[in-house]
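Colleague: So here's entry01.cif (mmCIF, C-alpha atoms and all ligand atoms).
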```cif
data_final
#
loop_
_atom_site.label_atom_id
_atom_site.label_comp_id
_atom_site.auth_asym_id
_atom_site.auth_seq_id
_atom_site.Cartn_x
_atom_site.Cartn_y
_atom_site.Cartn_z
CA MET A 1 92.35 -288.32 -25.75
CA LEU A 2 90.57 -285.61 -27.68
CA THR A 3 91.85 -284.59 -31.12
CA LEU A 4 90.70 -281.59 -33.14
CA THR A 5 91.51 -281.40 -36.85
CA ASP A 6 90.99 -278.19 -38.85
CA LEU A 7 87.90 -277.33 -36.82
CA CYS A 8 85.89 -274.30 -38.05
CA TYR A 9 82.89 -272.39 -36.75
CA SER A 10 81.57 -269.03 -37.98
CA TYR A 11 78.97 -266.54 -36.79
CA GLY A 12 77.89 -265.32 -40.20
CA ALA A 13 81.00 -263.73 -41.71
CA VAL A 14 83.00 -263.90 -38.45
CA LYS A 15 85.31 -266.94 -38.45
CA ALA A 16 85.39 -267.37 -34.68
CA VAL A 17 87.16 -270.76 -34.89
CA ASN A 18 89.34 -271.07 -37.97
CA LYS A 19 91.07 -274.37 -38.81
CA VAL A 20 91.94 -275.21 -35.24
CA SER A 21 93.95 -278.41 -34.69
CA MET A 22 94.79 -279.52 -31.16
CA VAL A 23 95.71 -282.69 -29.26
CA MET A 24 94.37 -282.94 -25.74
CA PRO A 25 95.79 -286.11 -24.14
CA ALA A 26 94.37 -288.14 -21.25
CA GLY A 27 96.21 -287.60 -17.99
CA GLN A 28 97.13 -284.01 -18.84
CA ILE A 29 95.81 -280.49 -18.37
CA THR A 30 95.80 -278.80 -21.78
CA CYS A 31 95.40 -275.03 -21.54
CA VAL A 32 93.73 -272.84 -24.17
CA MET A 33 94.80 -269.23 -23.82
CA GLY A 34 94.33 -265.91 -25.56
CA ARG A 35 92.79 -262.49 -25.12
CA ASN A 36 89.06 -261.80 -24.96
CA GLY A 37 87.21 -262.42 -28.20
CA VAL A 38 89.76 -264.76 -29.84
CA GLY A 39 87.35 -267.72 -30.00
CA LYS A 40 88.02 -269.77 -26.84
CA THR A 41 84.39 -270.06 -25.74
CA THR A 42 83.22 -270.74 -29.28
CA LEU A 43 85.82 -273.54 -29.48
CA MET A 44 84.56 -275.13 -26.24
CA ARG A 45 80.94 -274.96 -27.43
CA THR A 46 81.92 -276.49 -30.76
CA ILE A 47 83.70 -279.35 -28.98
CA MET A 48 80.69 -279.89 -26.70
CA GLY A 49 78.33 -279.82 -29.68
CA THR A 50 76.28 -276.80 -28.63
CA TYR A 51 77.50 -275.39 -31.94
CA ARG A 52 77.87 -277.68 -34.95
CA ALA A 53 81.26 -277.40 -36.63
CA ALA A 54 81.15 -275.92 -40.14
CA SER A 55 84.04 -278.22 -41.08
CA GLY A 56 86.82 -280.24 -39.51
CA ALA A 57 86.72 -283.17 -37.10
CA ILE A 58 86.56 -283.90 -33.37
CA ARG A 59 87.76 -287.33 -32.26
CA LEU A 60 87.47 -288.92 -28.85
CA GLY A 61 90.06 -291.69 -28.96
CA GLU A 62 89.46 -293.35 -32.34
CA ARG A 63 85.82 -292.31 -32.52
CA ASP A 64 84.71 -289.41 -34.72
CA ILE A 65 82.16 -287.56 -32.56
CA THR A 66 81.67 -284.63 -34.98
CA PRO A 67 78.26 -285.90 -36.22
CA LEU A 68 76.90 -286.29 -32.66
CA ALA A 69 74.54 -283.80 -30.99
CA ALA A 70 75.52 -282.29 -27.63
CA HIS A 71 73.55 -284.75 -25.47
CA GLN A 72 75.10 -287.67 -27.39
CA ARG A 73 78.59 -286.23 -26.90
CA ALA A 74 77.84 -285.92 -23.19
CA LYS A 75 77.11 -289.67 -23.15
CA THR A 76 80.43 -290.43 -24.85
CA GLY A 77 82.13 -288.70 -21.92
CA VAL A 78 82.59 -285.02 -22.83
CA ALA A 79 81.54 -282.48 -20.19
CA LEU A 80 81.71 -278.67 -20.21
CA VAL A 81 81.93 -276.34 -17.23
CA PRO A 82 80.69 -273.21 -19.02
CA GLN A 83 82.04 -269.70 -18.68
CA GLY A 84 79.94 -267.91 -16.06
CA ARG A 85 79.19 -271.27 -14.37
CA ASP A 86 75.52 -271.47 -15.39
CA ILE A 87 74.19 -273.23 -12.30
CA PHE A 88 70.48 -273.15 -11.43
CA ALA A 89 70.00 -270.44 -8.77
CA LYS A 90 66.51 -271.61 -7.79
CA LEU A 91 67.46 -275.28 -7.37
CA THR A 92 69.26 -276.77 -4.38
CA VAL A 93 72.89 -277.81 -4.61
CA ALA A 94 71.80 -281.48 -4.55
CA ASP A 95 69.32 -280.93 -7.41
CA ASN A 96 71.92 -279.06 -9.44
CA LEU A 97 74.19 -282.10 -9.06
CA ARG A 98 71.42 -284.54 -10.04
CA ILE A 99 71.10 -282.79 -13.40
CA GLY A 100 74.63 -283.98 -14.18
CA LEU A 101 73.52 -287.61 -13.79
CA GLU A 102 71.75 -287.44 -17.17
CA ALA A 103 75.06 -287.80 -19.00
CA ARG A 104 75.79 -291.16 -17.32
CA THR A 105 75.48 -294.38 -19.27
CA ASP A 106 75.24 -296.71 -16.24
CA GLY A 107 71.76 -295.52 -15.19
CA LEU A 108 72.93 -294.40 -11.74
CA ARG A 109 70.28 -292.11 -10.23
CA LYS A 110 72.06 -291.02 -7.07
CA VAL A 111 74.92 -288.53 -6.89
CA PRO A 112 78.00 -290.65 -6.06
CA ASP A 113 79.64 -289.94 -2.70
CA ASP A 114 83.02 -289.32 -4.30
CA ILE A 115 81.61 -286.10 -5.79
CA TYR A 116 81.18 -284.77 -2.27
CA ASP A 117 84.67 -286.02 -1.38
CA VAL A 118 86.06 -283.80 -4.14
CA PHE A 119 84.21 -280.72 -2.84
CA PRO A 120 83.17 -281.32 0.81
CA ILE A 121 81.56 -277.88 1.03
CA LEU A 122 78.83 -279.11 -1.33
CA LYS A 123 77.78 -281.85 1.13
CA GLN A 124 77.48 -279.28 3.89
CA PHE A 125 75.44 -276.97 1.61
CA ALA A 126 73.46 -279.73 -0.20
CA LYS A 127 70.08 -278.21 0.71
CA ARG A 128 70.99 -274.59 0.00
CA MET A 129 69.82 -272.85 -3.15
CA GLY A 130 72.48 -272.60 -5.83
CA GLY A 131 71.97 -268.84 -5.97
CA ASP A 132 72.84 -268.48 -2.28
CA LEU A 133 76.39 -269.81 -2.77
CA SER A 134 79.41 -267.53 -3.22
CA GLY A 135 80.91 -267.23 -6.71
CA GLY A 136 83.69 -269.65 -5.81
CA GLN A 137 81.26 -272.18 -4.37
CA GLN A 138 79.09 -271.89 -7.49
CA GLN A 139 82.16 -272.65 -9.59
CA GLN A 140 82.86 -275.73 -7.48
CA LEU A 141 79.23 -276.76 -7.95
CA SER A 142 79.50 -276.31 -11.69
CA ILE A 143 82.62 -278.50 -11.80
CA ALA A 144 81.01 -281.09 -9.52
CA ARG A 145 77.89 -281.19 -11.72
CA ALA A 146 80.09 -281.94 -14.74
CA LEU A 147 81.87 -284.71 -12.80
CA THR A 148 78.55 -286.29 -11.81
CA GLY A 149 78.25 -287.46 -15.43
CA ASP A 150 81.54 -289.40 -15.07
CA PRO A 151 83.29 -287.73 -18.03
CA LYS A 152 86.52 -288.77 -19.74
CA VAL A 153 87.12 -285.25 -21.03
CA LEU A 154 86.44 -282.23 -18.84
CA LEU A 155 86.32 -278.83 -20.56
CA LEU A 156 86.49 -275.78 -18.27
CA ASP A 157 85.91 -272.28 -19.65
CA GLU A 158 87.70 -269.71 -17.45
CA PRO A 159 86.93 -271.38 -14.11
CA THR A 160 89.03 -268.91 -12.11
CA GLU A 161 87.30 -265.80 -13.48
CA GLY A 162 86.16 -263.61 -10.58
CA ILE A 163 87.00 -266.17 -7.88
CA GLN A 164 88.79 -265.69 -4.57
CA PRO A 165 92.42 -266.98 -4.49
CA ASN A 166 91.97 -269.78 -1.94
CA ILE A 167 89.22 -271.39 -4.04
CA ILE A 168 91.36 -270.97 -7.18
CA GLN A 169 94.03 -273.08 -5.47
CA ASP A 170 91.43 -275.70 -4.44
CA ILE A 171 90.20 -275.92 -8.02
CA GLY A 172 93.75 -276.36 -9.31
CA ALA A 173 94.37 -279.16 -6.82
CA VAL A 174 91.15 -280.91 -7.87
CA LEU A 175 92.08 -280.71 -11.56
CA SER A 176 95.51 -282.18 -10.79
CA ARG A 177 93.86 -285.10 -8.98
CA LEU A 178 91.45 -285.73 -11.86
CA VAL A 179 94.30 -286.14 -14.32
CA THR A 180 96.64 -288.13 -12.08
CA GLU A 181 94.11 -290.35 -10.27
CA ARG A 182 91.42 -290.79 -12.96
CA GLY A 183 93.48 -290.24 -16.11
CA MET A 184 91.02 -287.67 -17.38
CA ALA A 185 91.79 -285.29 -20.23
CA VAL A 186 91.29 -281.80 -18.78
CA VAL A 187 90.98 -278.85 -21.16
CA LEU A 188 91.34 -275.55 -19.38
CA VAL A 189 90.50 -272.21 -20.97
CA GLU A 190 92.43 -269.77 -18.84
CA GLN A 191 93.77 -266.22 -18.94
CA TYR A 192 95.43 -266.38 -15.53
CA LEU A 193 99.05 -267.14 -16.38
CA ASP A 194 100.21 -268.25 -12.93
CA PHE A 195 97.44 -270.84 -12.78
CA VAL A 196 98.46 -272.22 -16.19
CA LYS A 197 102.12 -272.42 -15.16
CA GLU A 198 101.32 -274.08 -11.83
CA PHE A 199 98.78 -276.68 -12.99
CA GLY A 200 98.88 -276.92 -16.80
CA THR A 201 100.83 -279.45 -18.85
CA SER A 202 100.70 -277.93 -22.33
CA PHE A 203 99.26 -274.79 -23.88
CA TYR A 204 97.72 -273.48 -27.08
CA ILE A 205 97.39 -269.74 -27.63
CA MET A 206 94.62 -268.52 -29.93
CA ASN A 207 94.33 -265.25 -31.81
CA ARG A 208 91.46 -264.34 -34.15
CA GLY A 209 90.14 -267.88 -34.17
CA GLN A 210 93.47 -269.54 -34.97
CA VAL A 211 96.20 -271.32 -33.01
CA VAL A 212 99.24 -269.00 -33.05
CA ALA A 213 101.51 -270.74 -30.51
CA SER A 214 101.72 -273.99 -28.56
CA GLY A 215 104.08 -276.00 -26.38
CA ALA A 216 104.70 -277.20 -22.83
CA THR A 217 103.60 -274.72 -20.15
CA SER A 218 107.21 -274.67 -18.91
CA GLU A 219 108.10 -273.12 -22.29
CA LEU A 220 105.69 -270.19 -21.98
CA THR A 221 107.83 -267.10 -22.38
CA ASP A 222 107.52 -263.38 -21.70
CA ALA A 223 107.47 -262.96 -25.48
CA HIS A 224 104.31 -265.12 -25.72
CA VAL A 225 102.74 -263.06 -22.98
CA ALA A 226 103.64 -259.71 -24.55
CA GLU A 227 102.55 -260.71 -28.02
CA HIS A 228 99.36 -262.70 -27.36
CA LEU A 229 98.21 -262.46 -23.76
CA SER A 230 98.76 -259.10 -22.07
CA VAL A 231 96.13 -256.41 -22.55
N1 LIG B 1 76.57 -265.31 -30.45
C1 LIG B 1 77.46 -264.64 -31.20
N2 LIG B 1 77.11 -264.02 -32.35
C2 LIG B 1 78.00 -263.37 -33.11
N3 LIG B 1 79.31 -263.26 -32.81
C3 LIG B 1 79.74 -263.84 -31.67
C4 LIG B 1 78.84 -264.55 -30.80
N4 LIG B 1 79.55 -265.03 -29.75
C5 LIG B 1 80.82 -264.63 -29.95
N5 LIG B 1 80.93 -263.91 -31.09
C6 LIG B 1 82.19 -263.33 -31.65
O1 LIG B 1 83.07 -264.42 -31.91
C7 LIG B 1 84.40 -264.10 -31.49
C8 LIG B 1 84.90 -265.10 -30.47
O2 LIG B 1 84.13 -265.00 -29.28
P1 LIG B 1 84.37 -265.97 -28.04
O3 LIG B 1 84.41 -267.36 -28.54
O4 LIG B 1 83.34 -265.66 -27.01
O5 LIG B 1 85.82 -265.53 -27.56
P2 LIG B 1 86.58 -265.71 -26.15
O6 LIG B 1 85.90 -266.79 -25.41
O7 LIG B 1 87.99 -266.03 -26.56
O8 LIG B 1 86.50 -264.41 -25.44
C9 LIG B 1 84.33 -262.66 -31.00
O9 LIG B 1 84.70 -261.82 -32.06
C10 LIG B 1 82.90 -262.47 -30.62
O10 LIG B 1 82.50 -261.11 -30.75
MG MG B 2 85.11 -266.78 -23.45
#
```
Go ahead and express the file in the form of structure tokens.

Modeller:
Amino acid sequence: MLTLTDLCYSYGAVKAVNKVSMVMPAGQITCVMGRNGVGKTTLMRTIMGTYRAASGAIRLGERDITPLAAHQRAKTGVALVPQGRDIFAKLTVADNLRIGLEARTDGLRKVPDDIYDVFPILKQFAKRMGGDLSGGQQQQLSIARALTGDPKVLLLDEPTEGIQPNIIQDIGAVLSRLVTERGMAVVLVEQYLDFVKEFGTSFYIMNRGQVVASGATSELTDAHVAEHLSV
């Protein structure tokens, strides 16, 4: 499991992540919610190591990974599916997936078949350019690329943003399988409430860089939504 203790990150004077403490257990989907600009993406990048925490700690199991650089964290089993997907438009689907192999510690050089079992469409489109896929297919590719590194913790930053409903359901089903079949810790940044209620286990709501509410997703109330989530 992933544990955050009093994690902080600032852009100059802006405390984008301010003393955030969270527990993200294996075998569960932990949702991070909140309006635009509250610090969700900054939090994901600080966990991944793209940004170095100003203070606080990130633990993976018993291990303190706070001192590690991003590529070292990837090798310990943390993977991020970034907001906006960030796939390589001018590379084929297969080559995009191969990039994910770098995070592996077993030296495997070939994309494992089970990746294509998770998203069969990617096998069919293996030779297409990433940029020629639909938005939903690109999101599936981005998730598959993260899985190619065989992570223990999968961070996803707004994976349903701008995606057609049938693919949103597919993504939810895949995340459920990853937690039940592989015991992964899935951390889902999500503004789409129905998706959180259907697939999420627990939630944290952020506001101005801080955690302002948390609980089981079954306990998410209209009051939470009115106060912290609706625009
Ligand atoms: N590169 C940056 N430089 C300065 N401020 C930033 C930068 N990225 C984000 N911010 C600010 O940090 C806050 C949190 O942003 P972000 O983590 O992207 O929020 P969210 O993902 O919840 O929308 C916002 O106030 C945003 O304007
Ligand atoms: Mg964001």

Colleague: Could you report the residues within 10 Å of ligand LIG 1 (chain B), using all atoms listed in the file, as a compact mmCIF listing (two decimals) with C-alpha atoms, in the frame of the given file?

Modeller:
```txt
# COMPACT_ATOMS: atom_id res chain seq x y z
CA TYR A 9 82.89 -272.39 -36.75
CA SER A 10 81.57 -269.03 -37.98
CA TYR A 11 78.97 -266.54 -36.79
CA GLY A 12 77.89 -265.32 -40.20
CA ALA A 13 81.00 -263.73 -41.71
CA VAL A 14 83.00 -263.90 -38.45
CA LYS A 15 85.31 -266.94 -38.45
CA ALA A 16 85.39 -267.37 -34.68
CA VAL A 17 87.16 -270.76 -34.89
CA VAL A 32 93.73 -272.84 -24.17
CA MET A 33 94.80 -269.23 -23.82
CA GLY A 34 94.33 -265.91 -25.56
CA ARG A 35 92.79 -262.49 -25.12
CA ASN A 36 89.06 -261.80 -24.96
CA GLY A 37 87.21 -262.42 -28.20
CA VAL A 38 89.76 -264.76 -29.84
CA GLY A 39 87.35 -267.72 -30.00
CA LYS A 40 88.02 -269.77 -26.84
CA THR A 41 84.39 -270.06 -25.74
CA THR A 42 83.22 -270.74 -29.28
CA LEU A 43 85.82 -273.54 -29.48
CA MET A 44 84.56 -275.13 -26.24
CA ARG A 45 80.94 -274.96 -27.43
CA THR A 46 81.92 -276.49 -30.76
CA GLN A 83 82.04 -269.70 -18.68
CA ASP A 157 85.91 -272.28 -19.65
CA GLU A 158 87.70 -269.71 -17.45
CA VAL A 189 90.50 -272.21 -20.97
CA GLU A 190 92.43 -269.77 -18.84
CA GLN A 191 93.77 -266.22 -18.94
CA MET A 206 94.62 -268.52 -29.93
CA ASN A 207 94.33 -265.25 -31.81
CA ARG A 208 91.46 -264.34 -34.15
CA GLY A 209 90.14 -267.88 -34.17
```

Colleague: Considering all atoms listed in the file, can you say which of A:Ala57, A:Leu91, A:Val81, A:Ile115 comes closest to ligand MG 2 (chain B)?

Modeller: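 Counting all atoms listed in the file, the residue closest to ligand MG 2 (chain B) is A:Val81.
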
Colleague: In terms of the shortest atom-to-atom distance over only C-alpha atoms, which of A:Ala213, A:Cys8, A:Ala70, A:Val187 is closest to A:Val23?

Modeller: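 Checking each of A:Ala213, A:Cys8, A:Ala70, A:Val187 against A:Val23, counting only C-alpha atoms, the winner is A:Val187.
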
Colleague: Would you mind telling me which residue in A:Ala226, A:Leu188, A:Leu154, A:Leu97 lies nearest to ligand MG 2 (chain B) when using only C-alpha atoms and all ligand atoms?

Modeller: A:Leu188

Colleague: Let me know the centre plus edge lengths, in Å and rounded to one decimal, of a box with edges along x, y and z that contains all listed atoms of stretch 100-117 of chain A and is padded by 6 Å on every side, as JSON.

Modeller:
```
{"center_x": 77.5, "center_y": -290.3, "center_z": -10.3, "size_x": 26.4, "size_y": 24.7, "size_z": 29.9}
```

Colleague: So, counting only C-alpha atoms, which residue among A:Ala223, A:Val118, A:Ala126, A:Leu193 is closest to A:Leu147?

Modeller: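 Ranked by minimum distance to A:Leu147, first place goes to A:Val118.
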
Colleague: With distances taken over all atoms listed in the file, which residue among A:Leu2, A:Pro159, A:Thr92, A:Asp132 lies nearest ligand MG 2 (chain B)?

Modeller: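 Result for the nearest residue to ligand MG 2 (chain B): A:Pro159.
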
Colleague: I'd like the contact shell of A:Lys90 - 10 Å cut-off, all atoms listed in the file, skipping same-chain residues fewer than 6 positions apart - returned as a count of residues only.

Modeller: 6

Colleague: Between A:Val196, A:Leu68, A:Leu156, A:Ile163, which has the minimum distance to ligand MG 2 (chain B) (counting all atoms listed in the file)?

Modeller: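 Among the listed residues, A:Leu156 lies closest to ligand MG 2 (chain B).
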
Colleague: Applying 10 Å and only C-alpha atoms, which residues near A:Thr105 remain after dropping the ones on its own chain fewer than 4 positions away? List them as an mmCIF file with C-alpha atoms, in the coordinates of the input.

Modeller:
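Saved file result23.cif follows:
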```
data_model
loop_
_atom_site.group_PDB
_atom_site.id
_atom_site.type_symbol
_atom_site.label_atom_id
_atom_site.label_comp_id
_atom_site.auth_asym_id
_atom_site.auth_seq_id
_atom_site.Cartn_x
_atom_site.Cartn_y
_atom_site.Cartn_z
ATOM 1 C CA ALA A 74 77.840 -285.920 -23.190
ATOM 2 C CA LYS A 75 77.110 -289.670 -23.150
ATOM 3 C CA THR A 76 80.430 -290.430 -24.850
ATOM 4 C CA GLY A 77 82.130 -288.700 -21.920
ATOM 5 C CA LEU A 101 73.520 -287.610 -13.790
ATOM 6 C CA GLY A 149 78.250 -287.460 -15.430
ATOM 7 C CA ASP A 150 81.540 -289.400 -15.070
#
```

Colleague: Write out as a ChimeraX atom specification which residues come within 12 Å of A:Pro151 when counting all atoms listed in the file, dropping same-chain ones fewer than 3 positions away.

Modeller: /A:1,26,48,60,73-81,100-105,143-148,154-155,178-179,182-186

Colleague: Quick one: pull the distance between atom CA of A:Ile87 and atom CA of A:Gln139, Å, one decimal.

Modeller: 8.4 Å

Colleague: Quick one: pull the distance between atom CA of A:Gly172 and atom CA of A:Val231, Å, one decimal.

Modeller: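 Computed distance, atom CA of A:Gly172 to atom CA of A:Val231, equals 24.1 Å.
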
Colleague: Can you tell me, as a ChimeraX atom specification, which residues sit within 10 Å of (81.6, -267.9, -8.8) in the file's frame, using only C-alpha atoms?

Modeller: /A:84-87,133-142,159-164,167
